[in-house]
Amino acid sequence: MIYGNVEGVKNAFLSELELIYDMRVPKYSLVTEEILNVMMRFTKILEKEVSVGIDRKGNIISVAIGDSTSVEIPLIDIKERKLSGVRIIHTHPNGNPKLSALDISALLKLKLDAILAVGVEEGVLTKINIGFCNVKDYTLDFEEIKNLSLAEVDKMEFLEKVKEIENSIIDNDVVEDDKEKAIIVGTDTYESMQELAELAKACDVAVLESVFQNRPKIDPAYYIGKGKVEEIGHLVQTERANVVIFDDELSGSQVRNLESALGVKVIDRTTLILEIFATRAKTKEARLQVELAQLKYRSSRLIGLGTILSRTGGGIGTRGPGEKKLEVDRRKIKETIYDLSEELKKMKKTREIQREKRNKNSVPQIALVGYTNAGKSTLRNKLCDVASLKDVTKKEKVFEANMLFATLDTTTRAINLLDNRLAALTDTVGFVRKLPHELVEAFKSTLEEVCGADVLCHVVDGSSEDVRGQIEAVEEVLAELGVRDKPTILVINKMDLCSEETLEKLKEDNLNYEIVEISAREEINLDVLLNKVAEFLPNRLTKVQMLIPYTEQNQVAYLHRNANVINEYYEEEGTLLEVEVDEEVYNKLREFIKE
């Protein structure tokens with residue numbers, strides 16, 4: 001079988017190339033002249049790279065056709081503290097045998113015995129460069145032996161060299177650093193780049209360098225200019241980065257072109273956000289929503305997603321609930337998307353029933369919305385502490401941490417407002433700039449809690465340098481959900497970390513909002529917020545006076561549980577209560593109402 005880019009290649013050529021599988025390489029040789037001649041002939045005919053994989057027994061394990069700059073590498077079993085036992089010989093149609101960044105990346109990541117780049121010009125061999133692994137400062141490095149003739153390659157003690165490298169790996173106790181180290185690239189704003197670095201940090205990826213290019217127009221092939229691609233390629237090699245993260249969504253062809261040029265995995269902001277969601281989702285519904293978003297996003301990009309879907313992939317973009325579906329055909333992916341959508345619809349119905357029950361009981365709804373890491377979960381936990389129902393078992397707090405997307409799972413809890421009314425408080429997933437459309441779609445069933453809310457508390461981090469940009473980003477998502485006109489309170493959190501000037505400027509810039517300044521962590525002004533929320537919430541209760549005979553005191557207890565008791569007096573005939581009641585309580589105790 002011939003791997004790689006075989007589209008448009010004549011069957012006769014493919015059949016001839018398959019004859020390479022019948023050839024053998026002597027145990028102590030790197031490659032034979034016979035194999036090279038076939039490879040060079042087809043490099044000239046096809047004007048593409050040709051690659052052959054050979055194991056230590058001299059067996060040909062793969063033959064592949066690439067494009068003009070890269071070629072597919074076979075599936076290789078990588079073992080710790082050992083080389084893979086495979087060497088790759090491939091042609092360079094431009095005649096230059098210099099190892100590319102992609103060649104070096106493959107050599108180190110797959111721990112190849114060797115990688116040979118054969119310069120081919122008009123079907124004739126120019127020179128051969130060979131890359132070997134070596135050990136430098138207890139880490140795996142590489143060396144390149146340049147401009148060799150075929151005769152010099154034949155004389156090389158190949159197996160001795162391989163044994164020497166493996167012994168060096170064992171003797172030096174080489175630390176195989178498989179952590180992801182990134183260079184981030186953007187063309188939007190420096191604030192957006194800073195946030196991209198935070199997103200990478202949330203994914204346990206170290207950011208080594210950031211590259212910013214102010215471009216009026218995005219390059220359709222590379223997203224950025226070719227000069228910047230070369231600059232990033234140099235950074236990748238000098239900094240030993242193994243992933244490049246772009247601040248905007250890339251097309252499949254852009255990913256393929258960039259990976260070919262840079263020699264490392266390339267991902268975009270959307271993939272990074274999906275990755276964070278995949279690792280943070282805890283409930284079944286959240287995991288299904290993330291998997292659905294991953295599949296929808298990646299299904300249109302299966303062609304051209306280079307390293308992410310290749311055997312050399314790993315880390316970001318390959319983890320999470322969705323990766324097991326990615327290498328199957330499109331039809332299978334569409335079936336999976338349909339199944340997930342149906343399962344989420346069932347969960348949506350359950351959520352609707354719960355919401356209807358709350359509405360039937362006239363329980364007003366409060367939703368906390370805002371930018372990720374603005375402090376919504378901390379505020380939710382504090383409000384549940386100070387306004388929890390006295391006779392309700394304490395429920396588990398939601399996870400709170402100083403990180404992006406700490407909370408993905410929507411939770412709703414009952415609280416008592418200061419006017420003694422019952423309300424439902426919902427904490428929602430945080431928003432972010434350029435939130436992937438697939439995620440907004442997938443999480444719509446969860447975000448419907450926002451759609452059904454009576455009042456929104458838009459929580460903002462007042463101490464953030466880009467608080468205005470964050471407010472705008474949240475407003476955009478709220479507009480997409482169709483809830484932009486809902487009654488909204490702007491809750492400026494972390495007021496203890498803000499200067500007076502900052503707070504005043506925020507108020508001036510947001511005169512269209514009712515504003516409350518708080519510190520959730522320090523529990524400052526939480527009562528002010530609860531009072532403001534009570535003002536905004538519709539009062540669906542009827543205010544009445546009830547006189548309960550002393551013989552019916554169980555009804556007094558019932559009212560304390562199910563109504564808002566404003567005043568209580570002890571009269572001669574019984575207990576006189578001034579209460580606010582919903583329709584159900586009104587009808588049940590109608591006989592005790594004092595006109």
# chains A, B, ... in the order shown; residues from 1 in each chain; ligands from 1
$ residues_around --residues "stretch 423-436 of chain A" --least-positions-apart "5" --cutoff "6 Å" --atoms "only C-alpha atoms" --output "ChimeraX atom specification"
/A:270,363-368,370-372,407-408,410-415,473
$ write_last_selection --atoms "N, CA and C atoms" --output "PDB file, in the first residue's frame"
ATOM      1  N   THR A 270      -9.887  28.199  19.019  1.00  0.00           N
ATOM      2  CA  THR A 270     -11.082  27.377  19.207  1.00  0.00           C
ATOM      3  C   THR A 270     -10.710  25.991  19.729  1.00  0.00           C
ATOM      4  N   VAL A 363     -41.466  30.852  41.628  1.00  0.00           N
ATOM      5  CA  VAL A 363     -40.109  31.131  42.099  1.00  0.00           C
ATOM      6  C   VAL A 363     -39.377  31.971  41.050  1.00  0.00           C
ATOM      7  N   PRO A 364     -39.022  33.205  41.377  1.00  0.00           N
ATOM      8  CA  PRO A 364     -38.300  34.036  40.396  1.00  0.00           C
ATOM      9  C   PRO A 364     -36.891  33.497  40.142  1.00  0.00           C
ATOM     10  N   GLN A 365     -36.382  33.755  38.925  1.00  0.00           N
ATOM     11  CA  GLN A 365     -35.096  33.196  38.510  1.00  0.00           C
ATOM     12  C   GLN A 365     -34.030  34.287  38.410  1.00  0.00           C
ATOM     13  N   ILE A 366     -32.867  34.008  39.003  1.00  0.00           N
ATOM     14  CA  ILE A 366     -31.711  34.909  38.901  1.00  0.00           C
ATOM     15  C   ILE A 366     -30.581  34.134  38.230  1.00  0.00           C
ATOM     16  N   ALA A 367     -29.966  34.692  37.194  1.00  0.00           N
ATOM     17  CA  ALA A 367     -28.842  34.018  36.521  1.00  0.00           C
ATOM     18  C   ALA A 367     -27.586  34.872  36.632  1.00  0.00           C
ATOM     19  N   LEU A 368     -26.512  34.238  37.063  1.00  0.00           N
ATOM     20  CA  LEU A 368     -25.200  34.906  37.086  1.00  0.00           C
ATOM     21  C   LEU A 368     -24.533  34.665  35.744  1.00  0.00           C
ATOM     22  N   GLY A 370     -21.354  36.278  32.886  1.00  0.00           N
ATOM     23  CA  GLY A 370     -20.154  37.116  32.875  1.00  0.00           C
ATOM     24  C   GLY A 370     -18.980  36.445  32.227  1.00  0.00           C
ATOM     25  N   TYR A 371     -17.912  37.195  32.151  1.00  0.00           N
ATOM     26  CA  TYR A 371     -16.687  36.699  31.547  1.00  0.00           C
ATOM     27  C   TYR A 371     -16.101  35.602  32.420  1.00  0.00           C
ATOM     28  N   THR A 372     -15.386  34.677  31.802  1.00  0.00           N
ATOM     29  CA  THR A 372     -14.761  33.618  32.585  1.00  0.00           C
ATOM     30  C   THR A 372     -13.771  34.212  33.598  1.00  0.00           C
ATOM     31  N   THR A 407     -15.683  26.763  35.999  1.00  0.00           N
ATOM     32  CA  THR A 407     -17.032  26.192  36.073  1.00  0.00           C
ATOM     33  C   THR A 407     -17.582  25.956  34.678  1.00  0.00           C
ATOM     34  N   LEU A 408     -18.020  24.734  34.395  1.00  0.00           N
ATOM     35  CA  LEU A 408     -18.688  24.440  33.123  1.00  0.00           C
ATOM     36  C   LEU A 408     -20.110  23.970  33.344  1.00  0.00           C
ATOM     37  N   THR A 410     -23.743  24.045  34.815  1.00  0.00           N
ATOM     38  CA  THR A 410     -24.740  24.964  35.371  1.00  0.00           C
ATOM     39  C   THR A 410     -25.372  24.356  36.621  1.00  0.00           C
ATOM     40  N   THR A 411     -25.450  25.167  37.679  1.00  0.00           N
ATOM     41  CA  THR A 411     -26.104  24.702  38.911  1.00  0.00           C
ATOM     42  C   THR A 411     -27.140  25.729  39.334  1.00  0.00           C
ATOM     43  N   THR A 412     -28.257  25.258  39.865  1.00  0.00           N
ATOM     44  CA  THR A 412     -29.316  26.148  40.362  1.00  0.00           C
ATOM     45  C   THR A 412     -29.599  25.804  41.816  1.00  0.00           C
ATOM     46  N   ARG A 413     -29.612  26.823  42.661  1.00  0.00           N
ATOM     47  CA  ARG A 413     -29.896  26.631  44.088  1.00  0.00           C
ATOM     48  C   ARG A 413     -30.937  27.642  44.544  1.00  0.00           C
ATOM     49  N   ALA A 414     -31.733  27.258  45.531  1.00  0.00           N
ATOM     50  CA  ALA A 414     -32.742  28.156  46.099  1.00  0.00           C
ATOM     51  C   ALA A 414     -32.095  29.031  47.166  1.00  0.00           C
ATOM     52  N   ILE A 415     -32.444  30.325  47.149  1.00  0.00           N
ATOM     53  CA  ILE A 415     -31.955  31.237  48.192  1.00  0.00           C
ATOM     54  C   ILE A 415     -33.127  32.063  48.711  1.00  0.00           C
ATOM     55  N   ALA A 473     -17.620  41.550  25.183  1.00  0.00           N
ATOM     56  CA  ALA A 473     -17.644  40.145  24.750  1.00  0.00           C
ATOM     57  C   ALA A 473     -18.862  39.426  25.316  1.00  0.00           C
TER      58      ALA A 473
END
$ residues_around --residues "stretch 207-223 of chain A" --least-positions-apart "6" --cutoff "12 Å" --atoms "only C-alpha atoms" --output "PyMOL selection string"
chain A and resi 179-201+229-262+266+268
$ closest_residue --among "A:Leu19, A:Val455, A:Ala117, A:Ile88" --to "A:Glu535" --atoms "only C-alpha atoms"
A:Val455
$ atom_distance --atom1 "atom CA of A:Leu506" --atom2 "atom CA of A:Glu472"
12.8 Å
$ residues_around --residues "A:His458" --least-positions-apart "2" --cutoff "8 Å" --atoms "only C-alpha atoms" --output "PDB file with C-alpha atoms, in the first residue's frame"
ATOM      1  CA  LEU A 368     -25.200  34.906  37.086  1.00  0.00           C
ATOM      2  CA  VAL A 369     -23.511  35.615  33.755  1.00  0.00           C
ATOM      3  CA  GLY A 370     -20.154  37.116  32.875  1.00  0.00           C
ATOM      4  CA  LEU A 456     -29.373  38.750  34.977  1.00  0.00           C
ATOM      5  CA  VAL A 460     -17.386  41.686  35.876  1.00  0.00           C
ATOM      6  CA  THR A 488     -29.646  43.291  34.028  1.00  0.00           C
ATOM      7  CA  ILE A 489     -27.583  44.406  37.002  1.00  0.00           C
ATOM      8  CA  LEU A 490     -23.897  45.104  36.351  1.00  0.00           C
ATOM      9  CA  VAL A 491     -22.090  43.599  39.360  1.00  0.00           C
TER      10      VAL A 491
END
$ select_by_dssp --residues "stretch 154-308 of chain A" --states "helix (DSSP H, G or I)" --output "NGL selection string"
:A and (154-155 or 158-171 or 190-202 or 226-239 or 252-262 or 269-280 or 284-299 or 306-308)
$ write_last_selection --atoms "C-alpha atoms" --output "PDB file, in the first residue's frame"
ATOM      1  CA  ASP A 154      27.470   3.300   2.327  1.00  0.00           C
ATOM      2  CA  LYS A 155      30.624   3.390   4.465  1.00  0.00           C
ATOM      3  CA  PHE A 158      25.032   2.747  10.988  1.00  0.00           C
ATOM      4  CA  LEU A 159      24.166   0.124  13.644  1.00  0.00           C
ATOM      5  CA  GLU A 160      27.198   1.060  15.750  1.00  0.00           C
ATOM      6  CA  LYS A 161      26.012   4.660  15.719  1.00  0.00           C
ATOM      7  CA  VAL A 162      22.488   3.616  16.796  1.00  0.00           C
ATOM      8  CA  LYS A 163      23.810   1.466  19.682  1.00  0.00           C
ATOM      9  CA  GLU A 164      26.019   4.342  20.825  1.00  0.00           C
ATOM     10  CA  ILE A 165      23.005   6.709  20.888  1.00  0.00           C
ATOM     11  CA  GLU A 166      20.834   4.238  22.828  1.00  0.00           C
ATOM     12  CA  ASN A 167      23.591   3.628  25.392  1.00  0.00           C
ATOM     13  CA  SER A 168      23.992   7.368  25.784  1.00  0.00           C
ATOM     14  CA  ILE A 169      20.242   7.731  26.440  1.00  0.00           C
ATOM     15  CA  ILE A 170      20.402   5.071  29.170  1.00  0.00           C
ATOM     16  CA  ASP A 171      23.733   6.191  30.712  1.00  0.00           C
ATOM     17  CA  TYR A 190      -2.417  42.558  22.574  1.00  0.00           C
ATOM     18  CA  GLU A 191      -5.211  42.008  25.142  1.00  0.00           C
ATOM     19  CA  SER A 192      -6.486  39.080  23.095  1.00  0.00           C
ATOM     20  CA  MET A 193      -2.946  37.672  22.998  1.00  0.00           C
ATOM     21  CA  GLN A 194      -2.653  37.948  26.786  1.00  0.00           C
ATOM     22  CA  GLU A 195      -5.886  36.031  27.124  1.00  0.00           C
ATOM     23  CA  LEU A 196      -4.624  33.386  24.688  1.00  0.00           C
ATOM     24  CA  ALA A 197      -1.600  32.930  26.969  1.00  0.00           C
ATOM     25  CA  GLU A 198      -3.998  32.466  29.928  1.00  0.00           C
ATOM     26  CA  LEU A 199      -5.986  29.897  27.947  1.00  0.00           C
ATOM     27  CA  ALA A 200      -2.754  28.026  27.197  1.00  0.00           C
ATOM     28  CA  LYS A 201      -1.835  28.155  30.894  1.00  0.00           C
ATOM     29  CA  ALA A 202      -5.270  26.701  31.726  1.00  0.00           C
ATOM     30  CA  LYS A 226       5.473  34.191   4.841  1.00  0.00           C
ATOM     31  CA  GLY A 227       8.168  36.279   6.520  1.00  0.00           C
ATOM     32  CA  LYS A 228       6.468  35.800   9.892  1.00  0.00           C
ATOM     33  CA  VAL A 229       6.161  32.071   9.201  1.00  0.00           C
ATOM     34  CA  GLU A 230       9.945  31.928   8.739  1.00  0.00           C
ATOM     35  CA  GLU A 231      10.458  33.968  11.920  1.00  0.00           C
ATOM     36  CA  ILE A 232       8.220  31.566  13.885  1.00  0.00           C
ATOM     37  CA  GLY A 233      10.022  28.583  12.328  1.00  0.00           C
ATOM     38  CA  HIS A 234      13.298  29.978  13.654  1.00  0.00           C
ATOM     39  CA  LEU A 235      11.748  30.512  17.111  1.00  0.00           C
ATOM     40  CA  VAL A 236      10.396  26.947  17.098  1.00  0.00           C
ATOM     41  CA  GLN A 237      13.919  25.605  16.618  1.00  0.00           C
ATOM     42  CA  THR A 238      15.749  27.974  18.981  1.00  0.00           C
ATOM     43  CA  GLU A 239      13.156  27.707  21.769  1.00  0.00           C
ATOM     44  CA  GLY A 252      -7.902  22.985   7.560  1.00  0.00           C
ATOM     45  CA  SER A 253      -5.661  24.090   4.664  1.00  0.00           C
ATOM     46  CA  GLN A 254      -4.049  26.815   6.797  1.00  0.00           C
ATOM     47  CA  VAL A 255      -3.263  24.235   9.502  1.00  0.00           C
ATOM     48  CA  ARG A 256      -1.736  21.896   6.902  1.00  0.00           C
ATOM     49  CA  ASN A 257       0.351  24.665   5.286  1.00  0.00           C
ATOM     50  CA  LEU A 258       1.597  25.991   8.624  1.00  0.00           C
ATOM     51  CA  GLU A 259       2.505  22.544   9.948  1.00  0.00           C
ATOM     52  CA  SER A 260       4.398  21.786   6.753  1.00  0.00           C
ATOM     53  CA  ALA A 261       6.336  25.046   7.071  1.00  0.00           C
ATOM     54  CA  LEU A 262       6.926  24.959  10.845  1.00  0.00           C
ATOM     55  CA  ARG A 269      -7.897  29.390  19.745  1.00  0.00           C
ATOM     56  CA  THR A 270     -11.082  27.377  19.207  1.00  0.00           C
ATOM     57  CA  THR A 271      -9.235  24.054  19.570  1.00  0.00           C
ATOM     58  CA  LEU A 272      -7.658  25.361  22.781  1.00  0.00           C
ATOM     59  CA  ILE A 273     -11.024  26.391  24.277  1.00  0.00           C
ATOM     60  CA  LEU A 274     -12.569  23.062  23.266  1.00  0.00           C
ATOM     61  CA  GLU A 275      -9.637  21.317  24.970  1.00  0.00           C
ATOM     62  CA  ILE A 276     -10.210  23.202  28.229  1.00  0.00           C
ATOM     63  CA  PHE A 277     -13.916  22.376  28.121  1.00  0.00           C
ATOM     64  CA  ALA A 278     -13.107  18.705  27.417  1.00  0.00           C
ATOM     65  CA  THR A 279     -10.850  18.407  30.464  1.00  0.00           C
ATOM     66  CA  ARG A 280     -13.082  20.439  32.828  1.00  0.00           C
ATOM     67  CA  LYS A 284     -22.679  13.801  31.783  1.00  0.00           C
ATOM     68  CA  GLU A 285     -24.514  16.673  30.089  1.00  0.00           C
ATOM     69  CA  ALA A 286     -21.441  18.904  30.001  1.00  0.00           C
ATOM     70  CA  ARG A 287     -19.313  16.074  28.568  1.00  0.00           C
ATOM     71  CA  LEU A 288     -21.890  15.387  25.848  1.00  0.00           C
ATOM     72  CA  GLN A 289     -22.088  19.088  25.002  1.00  0.00           C
ATOM     73  CA  VAL A 290     -18.312  19.338  24.649  1.00  0.00           C
ATOM     74  CA  GLU A 291     -18.116  16.183  22.551  1.00  0.00           C
ATOM     75  CA  LEU A 292     -20.815  17.524  20.249  1.00  0.00           C
ATOM     76  CA  ALA A 293     -18.965  20.839  19.873  1.00  0.00           C
ATOM     77  CA  GLN A 294     -15.671  19.050  19.153  1.00  0.00           C
ATOM     78  CA  LEU A 295     -17.187  16.851  16.486  1.00  0.00           C
ATOM     79  CA  LYS A 296     -19.046  19.706  14.783  1.00  0.00           C
ATOM     80  CA  TYR A 297     -15.903  21.822  14.691  1.00  0.00           C
ATOM     81  CA  ARG A 298     -13.524  19.116  13.560  1.00  0.00           C
ATOM     82  CA  SER A 299     -15.765  17.290  11.096  1.00  0.00           C
ATOM     83  CA  GLY A 306      -2.072  17.592   9.887  1.00  0.00           C
ATOM     84  CA  THR A 307      -0.288  16.675  13.088  1.00  0.00           C
ATOM     85  CA  ILE A 308      -3.460  16.823  15.198  1.00  0.00           C
TER      86      ILE A 308
END
$ residues_around --residues "A:Val124" --least-positions-apart "3" --cutoff "8 Å" --atoms "only C-alpha atoms" --output "number ranges by chain"
A: 40, 120-121
$ write_last_selection --atoms "N, CA and C atoms" --output "compact mmCIF listing (two decimals), in the first residue's frame"
# COMPACT_ATOMS: atom_id res chain seq x y z
N MET A 40 14.11 8.46 -6.56
CA MET A 40 14.48 9.67 -7.31
C MET A 40 13.73 9.76 -8.63
N VAL A 120 17.29 15.88 -4.62
CA VAL A 120 17.08 15.37 -5.98
C VAL A 120 16.83 16.55 -6.92
N GLU A 121 17.63 16.61 -7.98
CA GLU A 121 17.46 17.66 -8.98
C GLU A 121 17.43 17.02 -10.36
$ residues_around --residues "A:Lys543" --least-positions-apart "2" --cutoff "9 Å" --atoms "only C-alpha atoms" --output "short mmCIF file (atom, residue, chain, number, x, y, z; two decimals) with N, CA and C atoms, in the first residue's frame"
data_model
loop_
_atom_site.label_atom_id
_atom_site.label_comp_id
_atom_site.auth_asym_id
_atom_site.auth_seq_id
_atom_site.Cartn_x
_atom_site.Cartn_y
_atom_site.Cartn_z
N LEU A 541 -46.39 37.41 44.12
CA LEU A 541 -47.11 37.02 45.32
C LEU A 541 -48.23 38.03 45.63
N GLN A 545 -53.81 39.40 54.71
CA GLN A 545 -53.77 39.14 56.15
C GLN A 545 -54.55 37.86 56.42
N GLU A 578 -49.44 38.84 58.49
CA GLU A 578 -49.40 39.62 57.25
C GLU A 578 -48.40 38.90 56.33
N VAL A 579 -48.92 38.34 55.24
CA VAL A 579 -48.08 37.44 54.42
C VAL A 579 -48.21 37.75 52.93
N GLU A 580 -47.18 37.31 52.19
CA GLU A 580 -47.24 37.31 50.73
C GLU A 580 -47.28 35.86 50.30
N VAL A 581 -48.31 35.49 49.53
CA VAL A 581 -48.51 34.08 49.18
C VAL A 581 -48.66 33.92 47.67
#
$ select_by_dssp --residues "stretch 361-555 of chain A" --states "strand (DSSP E or B)" --output "number ranges by chain"
A: 365-371, 388, 411-416, 422-427, 431, 455-461, 488-493, 514-517, 519, 524, 542-549
$ residues_around --residues "stretch 52-65 of chain A" --least-positions-apart "4" --cutoff "8 Å" --atoms "only C-alpha atoms" --output "JSON, numbers by chain"
{"A": [1, 2, 3, 4, 5, 6, 17, 18, 20, 21, 22, 23, 24, 25, 26, 27, 48, 71, 72, 73, 74, 85, 86, 87, 88, 89, 90]}
$ write_last_selection --atoms "C-alpha atoms" --output "mmCIF file, in the first residue's frame"
data_model
loop_
_atom_site.group_PDB
_atom_site.id
_atom_site.type_symbol
_atom_site.label_atom_id
_atom_site.label_comp_id
_atom_site.auth_asym_id
_atom_site.auth_seq_id
_atom_site.Cartn_x
_atom_site.Cartn_y
_atom_site.Cartn_z
ATOM 1 C CA MET A 1 0.000 0.000 0.000
ATOM 2 C CA ILE A 2 1.242 3.491 -0.860
ATOM 3 C CA TYR A 3 0.441 6.058 1.846
ATOM 4 C CA GLY A 4 0.083 9.812 1.701
ATOM 5 C CA ASN A 5 -0.946 12.082 -1.143
ATOM 6 C CA VAL A 6 -1.830 9.546 -3.864
ATOM 7 C CA LEU A 17 6.251 2.020 -6.262
ATOM 8 C CA GLU A 18 4.765 -0.927 -4.387
ATOM 9 C CA ILE A 20 9.856 -1.320 -3.213
ATOM 10 C CA TYR A 21 8.216 -3.492 -0.534
ATOM 11 C CA ASP A 22 9.874 -6.538 -2.139
ATOM 12 C CA MET A 23 13.362 -5.022 -1.812
ATOM 13 C CA ARG A 24 15.663 -5.663 1.152
ATOM 14 C CA VAL A 25 18.365 -3.550 2.739
ATOM 15 C CA PRO A 26 21.503 -5.289 4.086
ATOM 16 C CA LYS A 27 21.643 -5.277 7.888
ATOM 17 C CA LYS A 48 6.712 15.354 -4.917
ATOM 18 C CA VAL A 71 5.532 13.504 3.353
ATOM 19 C CA GLU A 72 3.576 11.237 5.702
ATOM 20 C CA ILE A 73 5.503 9.220 8.270
ATOM 21 C CA PRO A 74 4.318 5.670 9.123
ATOM 22 C CA GLY A 85 14.123 0.952 15.449
ATOM 23 C CA VAL A 86 12.977 2.696 12.265
ATOM 24 C CA ARG A 87 14.827 4.965 9.844
ATOM 25 C CA ILE A 88 13.123 7.216 7.304
ATOM 26 C CA ILE A 89 14.629 7.983 3.890
ATOM 27 C CA HIS A 90 12.865 10.723 1.926
#
$ closest_residue --among "A:Lys136, A:Lys109, A:Lys98, A:Lys505" --to "A:Leu83" --atoms "only C-alpha atoms"
A:Lys109
$ residues_around --residues "A:Gly123" --least-positions-apart "4" --cutoff "12 Å" --atoms "only C-alpha atoms" --output "ChimeraX atom specification"
/A:36-49,91-95,118-119
$ write_last_selection --atoms "C-alpha atoms" --output "compact mmCIF listing (two decimals), in the first residue's frame"
# COMPACT_ATOMS: atom_id res chain seq x y z
CA LEU A 36 17.17 5.41 -4.07
CA ASN A 37 16.99 5.17 -7.85
CA VAL A 38 13.28 4.28 -7.73
CA MET A 39 12.60 7.09 -5.25
CA MET A 40 14.48 9.67 -7.31
CA ARG A 41 12.77 8.63 -10.55
CA PHE A 42 9.32 9.13 -9.08
CA THR A 43 10.37 12.35 -7.37
CA LYS A 44 11.17 13.73 -10.84
CA ILE A 45 7.96 12.35 -12.43
CA LEU A 46 5.58 13.45 -9.67
CA GLU A 47 7.54 16.50 -8.44
CA LYS A 48 6.71 15.35 -4.92
CA GLU A 49 8.59 13.94 -1.97
CA THR A 91 13.60 12.92 -1.07
CA HIS A 92 13.75 16.72 -1.35
CA PRO A 93 12.64 17.67 -4.91
CA ASN A 94 14.34 21.10 -4.71
CA GLY A 95 17.78 19.48 -4.64
CA VAL A 118 18.07 13.01 -0.28
CA GLY A 119 18.48 16.08 -2.49
$ closest_residue --among "A:Thr350, A:Asn539, A:Asn373, A:Thr502" --to "A:Val459" --atoms "only C-alpha atoms"
A:Asn373
